[in-house]
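*Asks:* Can you read through this structure? Questions will come right after.
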Amino acid sequence: MLKNNKILFIDGGMGTMLQKKGLPAGKLPETVNLENPEMLLEIHKEYVAAGADIITTNTFGANALKYGSAENVEKIITAAVEIAKKSGAPYAALDIGPTGAMLEPFGTMTFDEAYELFAAQVRAGAKAGADLVLIETMSDLTEAKAALLAAKENCSLPVAVTMSFDESGRTFLGTTPEIAAVTLSSLGADAVGINCSLGPKEAMPLVERIISYSTVPVIVQPNAGLPRIENGETVYKINPEEFADYICRMTDIGAAIVGGCCGTTPEHISAVTKRLKGNDRKEISPVHKTAFTSRTQIVEINSRQTAIIGERINPTGKKKLKEAIKAENMDYIIGEALAQSEAGADVLDVNAGLPDIDEAYMLSKMIREIQSVTDLPLQIDSSDTRAVEAAARIYCGKPIINSVNGKAESLETVLPIAKKYGAAVVALTLDESGIPDSAEDRVKIAEKIMHKAAEYGIPKEDILVDCLVLTASTNQKTVMETLRAVSMVKSQLELKTVLGVSNVSFGLPQREIINSAFLAAAFGAGLNMPILNPLSSKYMEVVSAFKVLNNEDISAEKFIAACTENEQQPKATATAAVKSEYHYNITDIIVKGYKNMSEACVKDMLASGNAPLDIVNNYFIPALDIVGDKFDKGEMFLPQLMASAETVKIGFDVIKATMSEGDASKGKIILATVKGDIHDIGKNIVKMILQNYGYNIIDLGKDVEPEAVVAKILEEDVKLVGLSALMTTTVKSMGDTIALIRKHCPDTGVMVGGAVLNKEYAELVGADYYVKDAAESARVAEKFFS
Amino acid sequence: MKNNINIDKSEVLRYMGYKGQEIEPELENSIDNIIDMCMDAAEPKYTYGYFDLDWNGDEVSLAGAGIVLPGKDMARHLYGAKYCAIMAVTLGMSIERKLMLLEKTSMTEAVILDSAANACIESVADYAEGLIIEESRQKGLYTNYRYSPGYGDFPIEAQQKLIPLLNCEKRIGLTVTGNSIMIPRKSVTAIIGIFDKEQIEKKKGCEGCNLYHTCKIRKGGGKCAEK
């Protein structure tokens, strides 16, 4: 029905109409479905009379979060669908709005919880006989995805998804029309579009943008003008004729399904249908693009463009990353992500492949945490299809899956996942008989994968062929064969290419030189996306130089800017080093918080024979004590305390590099912000100080279940736990957590802190120690472990 | 609207517990930069509405909506009011994202941005309150001051009612969790009484401050209002 070649008309505002007919402000609008169905029917009929083909059920907020139970939801939705169908409209659309709660990482609702709320709505609506599902007014791309998957997995109806953008051209959570169009149409929405927030005039340019990126029909439901608050009322000022003018311009450029949102009335819809009823849609042949997205960023490449995939989050051959993944040390993993992003990566590969771990759990966790701090699209890298699917499911945006190959089993397991979750996929040119020697045979495998993908409905733009590099030291003859395959894939199959660059030099000295030469040659052969270590300046120099030659870095602007910056840098470092040598000792540096002098000074101290642990015990800790004391006396204030702590942290990192893990640890401490609370900053301040004092901190993050704290205590045999709560409402879950700790780990001590706490309150919730600030936490820990 | 808000550096310092300590030039610089960054990243939004009041003995509720505003303090706040204004303001999600990132990269900067955002949202709240004052003035009416969930005995749980009442999710992207935490966190809701007669401007003490529960100055035994 959504693929109809005529323009379809959807109804307009419901809230405004209900209020006009006497629904008091503050009353849940869906209660009308049961209490006053006649009033609702009347509104629907007015829209049908105005020419609407699709009537939206009055179920925007009809979820179990707002109405208590799935039974209530079913009652309300069943009534709503029946009333909508009774109105005489050709189609009834089950309306689904956001849950009303913010999802992780910003809020506390999980992806699965949101999914379940939506699934209950979908099942009720489909059972009651809705003709399609309309997911609307979304501002969180993850939430839109949860709703879309819930719709597709719980009914067979067509699904349209609209998001709301404000005047900046982004949703409240930062998603652009292009990102929404690419992500949602790849995920299998039958129509995508925009609604609410803006009037038709402001929406116009966004409609154009969404049309040029969507591969499915575009739906538009603007407000009757930009909302203005006048005397406490939200008012919309575009009249029906003016509204219709804009809508006509939208259908002229290809909008296929049109209607209204807040402030629009049957008069607005009538004005639109009078002008457009019976008209054919403007024919547009949708252009598939090679594009990957995150919540806020899109990376798009045409056949001649390059993009860098950062390879560092892969534990193969990396001891520290292995340890971090095993220990779920997210700070280390996030550090790798941020460093690569800083160095200029466009996409990050994420791999959690270690034996003896739950890879599906860990890969999803890493994806979620990395997405909470970086905007780069990610490449989900695993040979475990269960892990790939789990990660692709919760990923916010359109990811790349790494990888599928020519083996029948791989094709049959990976391609359906890529299709279902709207991912691009790396295609390795190997099959049951291994990696072919000749370029021709590799191209054949690429072609086979392309055809098979097409059978699953995956467009060729989403296939990224990896022609596979063998090491020059053992397979010298095949290196150029790989590059020949790259250029054949580009010219014969017109597919984009990726290539892991670093392998080629394995077993040779000066690997960076070999890799750089190979990278340049690969670019020449038509490589689009090298997978490499962006922290290597040699590779990035090749990349930025090639971008000049390839006419990507227009007027060599970026290249020139980077060169100028590089020339200035060495001087700055030299002065810092001089200063650290001659003017300050480490105590001064820490107390003053001179972060940029810390590294050089500690290196000097190590070089002149100080034992690492002596530096910690004889310099760091006494200096931190001075800082803590000054902070207590009010001679220093919070940012100064933090600057000192960061200064020590940098020094500590230098020390740690010289010793094996655990040598410096004075004891393990678990830190967590309690269930329901998302204010993490206080806990993070404490964490930094305690790490400085040499404690091994296991940071469980925010919104932590009591059970998770207890499980970790038992697993790691931890004797001291620090809990943080910032709200009066979450102190209760602090009490619950402590009670559970007492029950299962009676000999573990608990210290608590947080803005609403005081000594009495801390006793009330059953804590052993109250810490009024971060400096105090170090004293408590010292006493505890002595 | 950004032209109408500002971040007062002395407020930012006060939120961080500043009591006249000597500040190194590097930190000074960093504070200035982060205040600018905060202004850049802020996406201030507001909404408000007017509501009639019902009284049942000492208990006040919003007419029509049937929402009770519990507590003696709220009853006192609205006693004698013709009606009330309810407002909600937020700095939006990008500050939230910046804070999450800085907590991973530099706690010093995170602490400063947190305080800058506190000062910034107060300024946005002042702006929205100003609109309400002005509209009231034009009708010959007078306002008292803004009073928020969590002040005095007006429970923080009131957020659960006020935020949907103003349709905050749709209009300004503001939501509330089951534990009454607003997201984005740098947000304020408040109730202002509107009266026939001029109200004696009560000096805003700690009780009337959005940071009542989380204030580091108050915890240290100080008061920022005693400038």
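In the structure tokens, chains take letters A, B, ... by order of appearance, with residues numbered from 1 within each chain and ligands from 1 in the order shown.
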Kindly provide, as a ChimeraX atom specification, the residues of chain B having any atom no farther than 8 Å from an atom of chain A, counting only C-alpha atoms.

*Replies:* /B:16-19,21,24,27,47-50,64-67,85,92-94,96-97,100-101,103-104,106-112,135,156,164-166,169-173,175-181,183-184,213-216,219

*Asks:* Extract the full set of strand (DSSP E) residues from segment 232-346 of chain A according to DSSP on the backbone, and format it as a PyMOL selection string.

*Replies:* chain A and resi 233-235+257-258+290-293+298-301+309-313

*Asks:* So the first atom is atom CA of Asp245 of chain A and the second is atom CA of Glu267 of chain A; what is the distance between them in Å, to one decimal place?

*Replies:*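 Computed distance, atom CA of Asp245 of chain A to atom CA of Glu267 of chain A, equals 13.5 Å.
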
*Asks:* Step one, run DSSP on the backbone; step two, keep only residues of segment 529-712 of chain A assigned to helix (DSSP H, G or I); then write them as a PyMOL selection string.

*Replies:* chain A and resi 537-549+554-582+586-592+595-607+612-632+638-658+681-692+706-712

*Asks:* Just the number, please: distance in Å from atom CA of Leu430 of chain A to atom CA of Thr471 of chain A, one decimal.

*Replies:*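 Going from atom CA of Leu430 of chain A over to atom CA of Thr471 of chain A covers 16.0 Å.
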
*Asks:* When you look at Ala739 of chain A with a cut-off of 10 Å (counting only C-alpha atoms), what residues show up, excluding the ones that are within fewer than 5 positions of it in the same chain? I need them as a PDB file with N, CA and C atoms, in the first residue's frame.

*Replies:*
ATOM      1  N   PRO A 706      22.066  -3.963  42.068  1.00  0.00           N
ATOM      2  CA  PRO A 706      22.697  -4.507  43.280  1.00  0.00           C
ATOM      3  C   PRO A 706      23.331  -5.873  43.018  1.00  0.00           C
ATOM      4  N   SER A 733      18.005   2.799  46.535  1.00  0.00           N
ATOM      5  CA  SER A 733      18.682   1.655  45.895  1.00  0.00           C
ATOM      6  C   SER A 733      20.094   1.486  46.431  1.00  0.00           C
ATOM      7  N   MET A 734      20.647   2.552  47.028  1.00  0.00           N
ATOM      8  CA  MET A 734      21.918   2.394  47.734  1.00  0.00           C
ATOM      9  C   MET A 734      21.706   1.469  48.942  1.00  0.00           C
ATOM     10  N   HIS A 744      25.313 -11.422  51.190  1.00  0.00           N
ATOM     11  CA  HIS A 744      26.176 -12.379  50.477  1.00  0.00           C
ATOM     12  C   HIS A 744      27.661 -12.213  50.768  1.00  0.00           C
ATOM     13  N   CYS A 745      28.072 -11.037  51.184  1.00  0.00           N
ATOM     14  CA  CYS A 745      29.503 -10.782  51.392  1.00  0.00           C
ATOM     15  C   CYS A 745      29.675 -10.034  52.706  1.00  0.00           C
ATOM     16  N   PRO A 746      29.419 -10.704  53.811  1.00  0.00           N
ATOM     17  CA  PRO A 746      29.383 -10.002  55.102  1.00  0.00           C
ATOM     18  C   PRO A 746      30.709  -9.338  55.493  1.00  0.00           C
ATOM     19  N   VAL A 765      21.407   4.002  55.757  1.00  0.00           N
ATOM     20  CA  VAL A 765      21.379   3.009  54.667  1.00  0.00           C
ATOM     21  C   VAL A 765      22.299   1.830  54.960  1.00  0.00           C
ATOM     22  N   GLY A 766      23.000   1.876  56.080  1.00  0.00           N
ATOM     23  CA  GLY A 766      23.780   0.723  56.513  1.00  0.00           C
ATOM     24  C   GLY A 766      25.228   0.695  56.043  1.00  0.00           C
ATOM     25  N   ALA A 767      25.753   1.864  55.644  1.00  0.00           N
ATOM     26  CA  ALA A 767      27.139   1.904  55.178  1.00  0.00           C
ATOM     27  C   ALA A 767      28.111   1.870  56.350  1.00  0.00           C
TER      28      ALA A 767
END

*Asks:* So the first atom is atom CA of Asn692 of chain A and the second is atom CA of Asn617 of chain A; what is the distance between them in Å, to one decimal place?

*Replies:*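 Spanning atom CA of Asn692 of chain A to atom CA of Asn617 of chain A is a straight-line distance of 10.7 Å.
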
*Asks:* Could you pull the residues within 12 Å of Leu527 of chain A, counting only C-alpha atoms, minus those fewer than 6 positions along the same chain, as a short mmCIF file (atom, residue, chain, number, x, y, z; two decimals) with all heavy atoms, in the first residue's frame?

*Replies:*
data_model
loop_
_atom_site.label_atom_id
_atom_site.label_comp_id
_atom_site.auth_asym_id
_atom_site.auth_seq_id
_atom_site.Cartn_x
_atom_site.Cartn_y
_atom_site.Cartn_z
N ILE A 301 30.92 7.19 0.99
CA ILE A 301 31.99 7.21 0.00
C ILE A 301 31.46 6.88 -1.39
O ILE A 301 30.64 5.99 -1.56
CB ILE A 301 33.16 6.25 0.35
CG1 ILE A 301 32.67 4.84 0.65
CG2 ILE A 301 33.98 6.78 1.50
CD1 ILE A 301 33.80 3.84 0.76
N ASN A 302 31.94 7.62 -2.36
CA ASN A 302 31.68 7.24 -3.74
C ASN A 302 32.86 6.41 -4.22
O ASN A 302 33.82 6.19 -3.48
CB ASN A 302 31.41 8.47 -4.62
CG ASN A 302 32.63 9.34 -4.78
OD1 ASN A 302 33.76 8.84 -4.83
ND2 ASN A 302 32.44 10.64 -4.83
N SER A 303 32.83 5.96 -5.46
CA SER A 303 33.80 4.95 -5.87
C SER A 303 35.24 5.45 -5.82
O SER A 303 36.17 4.68 -5.71
CB SER A 303 33.46 4.46 -7.27
OG SER A 303 33.63 5.54 -8.17
N ARG A 304 35.42 6.76 -5.89
CA ARG A 304 36.80 7.26 -5.90
C ARG A 304 37.26 7.81 -4.55
O ARG A 304 38.35 8.33 -4.44
CB ARG A 304 36.94 8.35 -6.99
CG ARG A 304 36.90 7.77 -8.40
CD ARG A 304 37.36 8.77 -9.44
NE ARG A 304 38.57 9.49 -9.09
CZ ARG A 304 39.78 8.98 -9.16
NH1 ARG A 304 39.96 7.75 -9.57
NH2 ARG A 304 40.82 9.72 -8.85
N GLN A 305 36.43 7.68 -3.53
CA GLN A 305 36.80 8.28 -2.26
C GLN A 305 37.45 7.28 -1.30
O GLN A 305 37.26 6.08 -1.42
CB GLN A 305 35.57 8.86 -1.58
CG GLN A 305 35.33 10.31 -1.95
CD GLN A 305 34.02 10.79 -1.40
OE1 GLN A 305 33.03 10.07 -1.44
NE2 GLN A 305 34.02 11.99 -0.89
N THR A 306 38.16 7.82 -0.33
CA THR A 306 38.82 6.99 0.67
C THR A 306 38.25 7.27 2.06
O THR A 306 37.77 8.37 2.34
CB THR A 306 40.32 7.27 0.72
OG1 THR A 306 40.50 8.68 0.86
CG2 THR A 306 41.01 6.81 -0.52
N ALA A 307 38.31 6.27 2.90
CA ALA A 307 37.98 6.43 4.31
C ALA A 307 38.84 5.44 5.08
O ALA A 307 39.17 4.37 4.57
CB ALA A 307 36.50 6.16 4.54
N ILE A 308 39.20 5.82 6.30
CA ILE A 308 40.13 5.01 7.09
C ILE A 308 39.39 4.22 8.15
O ILE A 308 38.62 4.78 8.92
CB ILE A 308 41.15 5.93 7.82
CG1 ILE A 308 41.84 6.88 6.84
CG2 ILE A 308 42.17 5.10 8.61
CD1 ILE A 308 42.53 6.18 5.72
N LEU A 464 31.57 -4.48 0.56
CA LEU A 464 32.92 -3.91 0.55
C LEU A 464 33.88 -5.08 0.42
O LEU A 464 34.02 -5.89 1.34
CB LEU A 464 33.18 -3.16 1.86
CG LEU A 464 32.07 -2.19 2.30
CD1 LEU A 464 32.29 -1.76 3.73
CD2 LEU A 464 32.01 -0.99 1.38
N VAL A 465 34.51 -5.19 -0.74
CA VAL A 465 35.31 -6.38 -1.01
C VAL A 465 36.73 -6.25 -0.44
O VAL A 465 37.40 -5.24 -0.64
CB VAL A 465 35.39 -6.66 -2.53
CG1 VAL A 465 36.25 -7.89 -2.80
CG2 VAL A 465 33.99 -6.85 -3.09
N ASP A 466 37.13 -7.29 0.29
CA ASP A 466 38.50 -7.37 0.80
C ASP A 466 39.23 -8.44 0.01
O ASP A 466 38.93 -9.63 0.14
CB ASP A 466 38.47 -7.72 2.30
CG ASP A 466 39.86 -7.71 2.92
OD1 ASP A 466 40.85 -7.82 2.16
OD2 ASP A 466 39.96 -7.57 4.15
N CYS A 467 40.16 -8.03 -0.85
CA CYS A 467 40.85 -8.99 -1.73
C CYS A 467 41.98 -9.72 -1.03
O CYS A 467 42.69 -10.51 -1.65
CB CYS A 467 41.36 -8.29 -2.99
SG CYS A 467 40.00 -7.70 -4.01
N LEU A 468 42.19 -9.46 0.23
CA LEU A 468 43.09 -10.21 1.11
C LEU A 468 44.57 -10.11 0.76
O LEU A 468 44.99 -10.51 -0.32
CB LEU A 468 42.68 -11.68 1.19
CG LEU A 468 41.29 -11.90 1.79
CD1 LEU A 468 40.83 -13.32 1.56
CD2 LEU A 468 41.28 -11.56 3.26
N THR A 482 47.10 -9.27 -5.38
CA THR A 482 46.02 -8.72 -4.56
C THR A 482 45.59 -7.36 -5.11
O THR A 482 44.40 -7.08 -5.24
CB THR A 482 46.49 -8.55 -3.10
OG1 THR A 482 46.81 -9.83 -2.57
CG2 THR A 482 45.43 -7.89 -2.24
N LEU A 483 46.58 -6.55 -5.46
CA LEU A 483 46.24 -5.20 -5.94
C LEU A 483 45.58 -5.26 -7.33
O LEU A 483 44.71 -4.46 -7.65
CB LEU A 483 47.49 -4.32 -5.98
CG LEU A 483 48.11 -4.07 -4.60
CD1 LEU A 483 49.22 -3.04 -4.69
CD2 LEU A 483 47.07 -3.62 -3.58
N ARG A 484 45.99 -6.26 -8.10
CA ARG A 484 45.35 -6.43 -9.40
C ARG A 484 43.87 -6.79 -9.18
O ARG A 484 42.97 -6.30 -9.87
CB ARG A 484 46.07 -7.53 -10.20
CG ARG A 484 45.90 -7.39 -11.71
CD ARG A 484 46.95 -8.19 -12.46
NE ARG A 484 46.80 -9.62 -12.28
CZ ARG A 484 45.94 -10.40 -12.97
NH1 ARG A 484 45.18 -9.86 -13.91
NH2 ARG A 484 45.87 -11.69 -12.75
N ALA A 485 43.63 -7.64 -8.18
CA ALA A 485 42.25 -8.01 -7.86
C ALA A 485 41.45 -6.78 -7.44
O ALA A 485 40.29 -6.61 -7.82
CB ALA A 485 42.23 -9.07 -6.77
N VAL A 486 42.09 -5.90 -6.65
CA VAL A 486 41.40 -4.69 -6.21
C VAL A 486 40.93 -3.88 -7.42
O VAL A 486 39.77 -3.48 -7.50
CB VAL A 486 42.33 -3.81 -5.31
CG1 VAL A 486 41.73 -2.43 -5.09
CG2 VAL A 486 42.60 -4.50 -3.98
N SER A 487 41.84 -3.70 -8.38
CA SER A 487 41.42 -2.85 -9.50
C SER A 487 40.38 -3.55 -10.38
O SER A 487 39.50 -2.90 -10.93
CB SER A 487 42.62 -2.37 -10.32
OG SER A 487 43.42 -3.44 -10.67
N MET A 488 40.43 -4.89 -10.44
CA MET A 488 39.40 -5.60 -11.21
C MET A 488 38.04 -5.52 -10.53
O MET A 488 37.01 -5.36 -11.18
CB MET A 488 39.82 -7.06 -11.41
CG MET A 488 40.92 -7.22 -12.45
SD MET A 488 41.72 -8.84 -12.37
CE MET A 488 40.41 -9.89 -12.95
N VAL A 489 38.04 -5.66 -9.19
CA VAL A 489 36.78 -5.55 -8.45
C VAL A 489 36.16 -4.17 -8.68
O VAL A 489 34.96 -4.03 -8.89
CB VAL A 489 37.00 -5.80 -6.94
CG1 VAL A 489 35.82 -5.34 -6.12
CG2 VAL A 489 37.28 -7.27 -6.68
N LYS A 490 37.03 -3.17 -8.70
CA LYS A 490 36.54 -1.80 -8.91
C LYS A 490 35.98 -1.63 -10.32
O LYS A 490 34.90 -1.10 -10.51
CB LYS A 490 37.66 -0.77 -8.69
CG LYS A 490 38.14 -0.65 -7.26
CD LYS A 490 37.09 -0.13 -6.30
CE LYS A 490 36.68 1.30 -6.55
NZ LYS A 490 37.66 2.26 -6.06
N SER A 491 36.75 -2.10 -11.32
CA SER A 491 36.34 -1.79 -12.69
C SER A 491 35.29 -2.76 -13.22
O SER A 491 34.34 -2.36 -13.86
CB SER A 491 37.57 -1.78 -13.60
OG SER A 491 38.18 -3.04 -13.57
N GLU A 494 32.34 -2.98 -10.07
CA GLU A 494 31.97 -1.66 -9.54
C GLU A 494 31.57 -1.74 -8.07
O GLU A 494 30.57 -1.19 -7.63
CB GLU A 494 30.84 -1.05 -10.38
CG GLU A 494 31.30 -0.75 -11.80
CD GLU A 494 30.19 -0.20 -12.66
OE1 GLU A 494 29.04 -0.68 -12.53
OE2 GLU A 494 30.47 0.72 -13.45
N LEU A 495 32.38 -2.46 -7.31
CA LEU A 495 32.17 -2.53 -5.86
C LEU A 495 33.25 -1.72 -5.15
O LEU A 495 34.33 -1.48 -5.70
CB LEU A 495 32.25 -3.98 -5.38
CG LEU A 495 31.18 -4.95 -5.91
CD1 LEU A 495 31.45 -6.37 -5.40
CD2 LEU A 495 29.79 -4.50 -5.50
N LYS A 496 32.96 -1.31 -3.92
CA LYS A 496 33.96 -0.62 -3.11
C LYS A 496 34.88 -1.67 -2.47
O LYS A 496 34.47 -2.83 -2.31
CB LYS A 496 33.31 0.19 -1.98
CG LYS A 496 32.14 1.05 -2.41
CD LYS A 496 32.56 2.27 -3.19
CE LYS A 496 31.41 3.24 -3.39
NZ LYS A 496 30.20 2.67 -4.03
N THR A 497 36.07 -1.23 -2.09
CA THR A 497 37.04 -2.19 -1.56
C THR A 497 37.60 -1.77 -0.21
O THR A 497 37.73 -0.58 0.09
CB THR A 497 38.22 -2.34 -2.53
OG1 THR A 497 38.76 -1.04 -2.77
CG2 THR A 497 37.79 -2.96 -3.84
N VAL A 498 37.92 -2.79 0.59
CA VAL A 498 38.66 -2.58 1.83
C VAL A 498 39.88 -3.49 1.79
O VAL A 498 39.91 -4.44 1.02
CB VAL A 498 37.84 -2.91 3.11
CG1 VAL A 498 36.55 -2.15 3.16
CG2 VAL A 498 37.57 -4.40 3.21
N LEU A 499 40.86 -3.18 2.63
CA LEU A 499 42.06 -4.02 2.66
C LEU A 499 42.77 -3.81 3.99
O LEU A 499 43.02 -2.67 4.38
CB LEU A 499 42.98 -3.59 1.51
CG LEU A 499 43.92 -4.63 0.90
CD1 LEU A 499 43.19 -5.90 0.52
CD2 LEU A 499 44.58 -4.04 -0.34
N GLY A 500 43.06 -4.93 4.66
CA GLY A 500 43.88 -4.83 5.86
C GLY A 500 45.32 -4.66 5.41
O GLY A 500 45.85 -5.50 4.71
N VAL A 501 45.91 -3.56 5.77
CA VAL A 501 47.20 -3.19 5.18
C VAL A 501 48.36 -3.84 5.93
O VAL A 501 49.34 -4.28 5.32
CB VAL A 501 47.34 -1.65 5.19
CG1 VAL A 501 48.73 -1.25 4.77
CG2 VAL A 501 46.30 -1.02 4.29
N PHE A 518 53.02 -0.10 0.44
CA PHE A 518 51.90 -0.93 -0.02
C PHE A 518 50.60 -0.12 -0.03
O PHE A 518 49.78 -0.21 -0.95
CB PHE A 518 51.77 -2.15 0.89
CG PHE A 518 50.62 -3.04 0.52
CD1 PHE A 518 50.66 -3.77 -0.67
CD2 PHE A 518 49.50 -3.14 1.31
CE1 PHE A 518 49.60 -4.58 -1.04
CE2 PHE A 518 48.44 -3.96 0.95
CZ PHE A 518 48.49 -4.67 -0.23
N LEU A 519 50.43 0.68 1.02
CA LEU A 519 49.21 1.49 1.12
C LEU A 519 49.10 2.42 -0.09
O LEU A 519 48.03 2.54 -0.71
CB LEU A 519 49.23 2.31 2.42
CG LEU A 519 48.07 3.25 2.68
CD1 LEU A 519 46.75 2.49 2.73
CD2 LEU A 519 48.28 3.99 4.01
N ALA A 520 50.22 3.07 -0.43
CA ALA A 520 50.20 3.99 -1.57
C ALA A 520 49.87 3.24 -2.85
O ALA A 520 49.05 3.69 -3.67
CB ALA A 520 51.55 4.69 -1.70
N ALA A 521 50.47 2.03 -3.00
CA ALA A 521 50.20 1.24 -4.20
C ALA A 521 48.73 0.81 -4.24
O ALA A 521 48.10 0.82 -5.29
CB ALA A 521 51.11 0.02 -4.22
N VAL A 543 47.99 8.70 3.69
CA VAL A 543 46.56 8.95 3.46
C VAL A 543 46.33 10.41 3.10
O VAL A 543 45.66 10.73 2.11
CB VAL A 543 45.73 8.57 4.71
CG1 VAL A 543 44.29 9.03 4.55
CG2 VAL A 543 45.79 7.06 4.95
N PHE A 546 47.69 11.19 -0.30
CA PHE A 546 46.88 10.63 -1.38
C PHE A 546 45.59 11.41 -1.57
O PHE A 546 45.12 11.61 -2.69
CB PHE A 546 46.57 9.15 -1.13
CG PHE A 546 45.75 8.54 -2.23
CD1 PHE A 546 46.33 8.29 -3.47
CD2 PHE A 546 44.40 8.27 -2.06
CE1 PHE A 546 45.57 7.75 -4.51
CE2 PHE A 546 43.64 7.74 -3.09
CZ PHE A 546 44.23 7.48 -4.32
N ASN A 550 44.30 12.66 -5.02
CA ASN A 550 43.03 12.08 -5.48
C ASN A 550 41.93 13.15 -5.56
O ASN A 550 40.76 12.81 -5.74
CB ASN A 550 42.61 10.97 -4.51
CG ASN A 550 41.54 10.08 -5.07
OD1 ASN A 550 41.54 9.80 -6.27
ND2 ASN A 550 40.62 9.62 -4.23
#

*Asks:* Find the residues near Val602 of chain A: any atom within 8 Å, counting only C-alpha atoms, skip ones fewer than 6 places away on the same chain, and give them as a compact mmCIF listing (two decimals) with all heavy atoms, in the first residue's frame.

*Replies:*
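Resulting contents of out-v2.txt:
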# COMPACT_ATOMS: atom_id res chain seq x y z
N ILE A 586 58.90 17.05 41.24
CA ILE A 586 57.62 16.37 40.98
C ILE A 586 56.54 16.81 41.98
O ILE A 586 55.37 16.92 41.62
CB ILE A 586 57.81 14.83 40.97
CG1 ILE A 586 56.53 14.12 40.51
CG2 ILE A 586 58.24 14.29 42.33
CD1 ILE A 586 56.17 14.32 39.08
N GLY A 651 51.74 10.58 35.33
CA GLY A 651 52.97 10.02 35.88
C GLY A 651 52.82 8.53 36.15
O GLY A 651 53.71 7.73 35.86
N VAL A 654 53.25 6.36 33.17
CA VAL A 654 54.66 6.14 32.83
C VAL A 654 55.22 5.01 33.70
O VAL A 654 55.91 4.11 33.22
CB VAL A 654 55.50 7.43 33.06
CG1 VAL A 654 56.98 7.18 32.80
CG2 VAL A 654 54.97 8.56 32.20
N ILE A 655 54.90 5.06 34.98
CA ILE A 655 55.38 4.05 35.92
C ILE A 655 54.85 2.67 35.54
O ILE A 655 55.59 1.69 35.50
CB ILE A 655 54.91 4.39 37.37
CG1 ILE A 655 55.41 5.76 37.77
CG2 ILE A 655 55.27 3.27 38.34
CD1 ILE A 655 56.61 5.79 38.62

*Asks:* For Asn585 of chain A, which residue out of A:Glu782, A:Arg281, A:Gly13, A:Ser598 is the nearest one, using only C-alpha atoms?

*Replies:* A:Ser598

*Asks:* Would you mind telling me which residue in A:Ala545, A:Leu411, A:Ile269, A:Leu184 lies nearest to Glu46 of chain A when using only C-alpha atoms?

*Replies:*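 Under the stated criterion, the closest residue is A:Ile269.
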
*Asks:* Can you pull out the residues contacting Ile219 of chain A? Cut-off 7 Å, using only C-alpha atoms, and skip same-chain residues under 5 positions away; I want them as number ranges by chain.

*Replies:* A: 191-194, 255-258

*Asks:* Pick out the residues sitting within 8 Å of Ala125 of chain B, and hand them over as a ChimeraX atom specification; count only C-alpha atoms, and ignore anything fewer than 2 positions along from it in its own chain.

*Replies:* /B:88-89,121-123,127-129,188

*Asks:* For Leu62 of chain B, which residue out of B:Tyr15, B:Asp36, B:Lys82, B:Ile200 is the nearest one, using only C-alpha atoms?

*Replies:*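 For Leu62 of chain B, the nearest of the given residues is B:Lys82.
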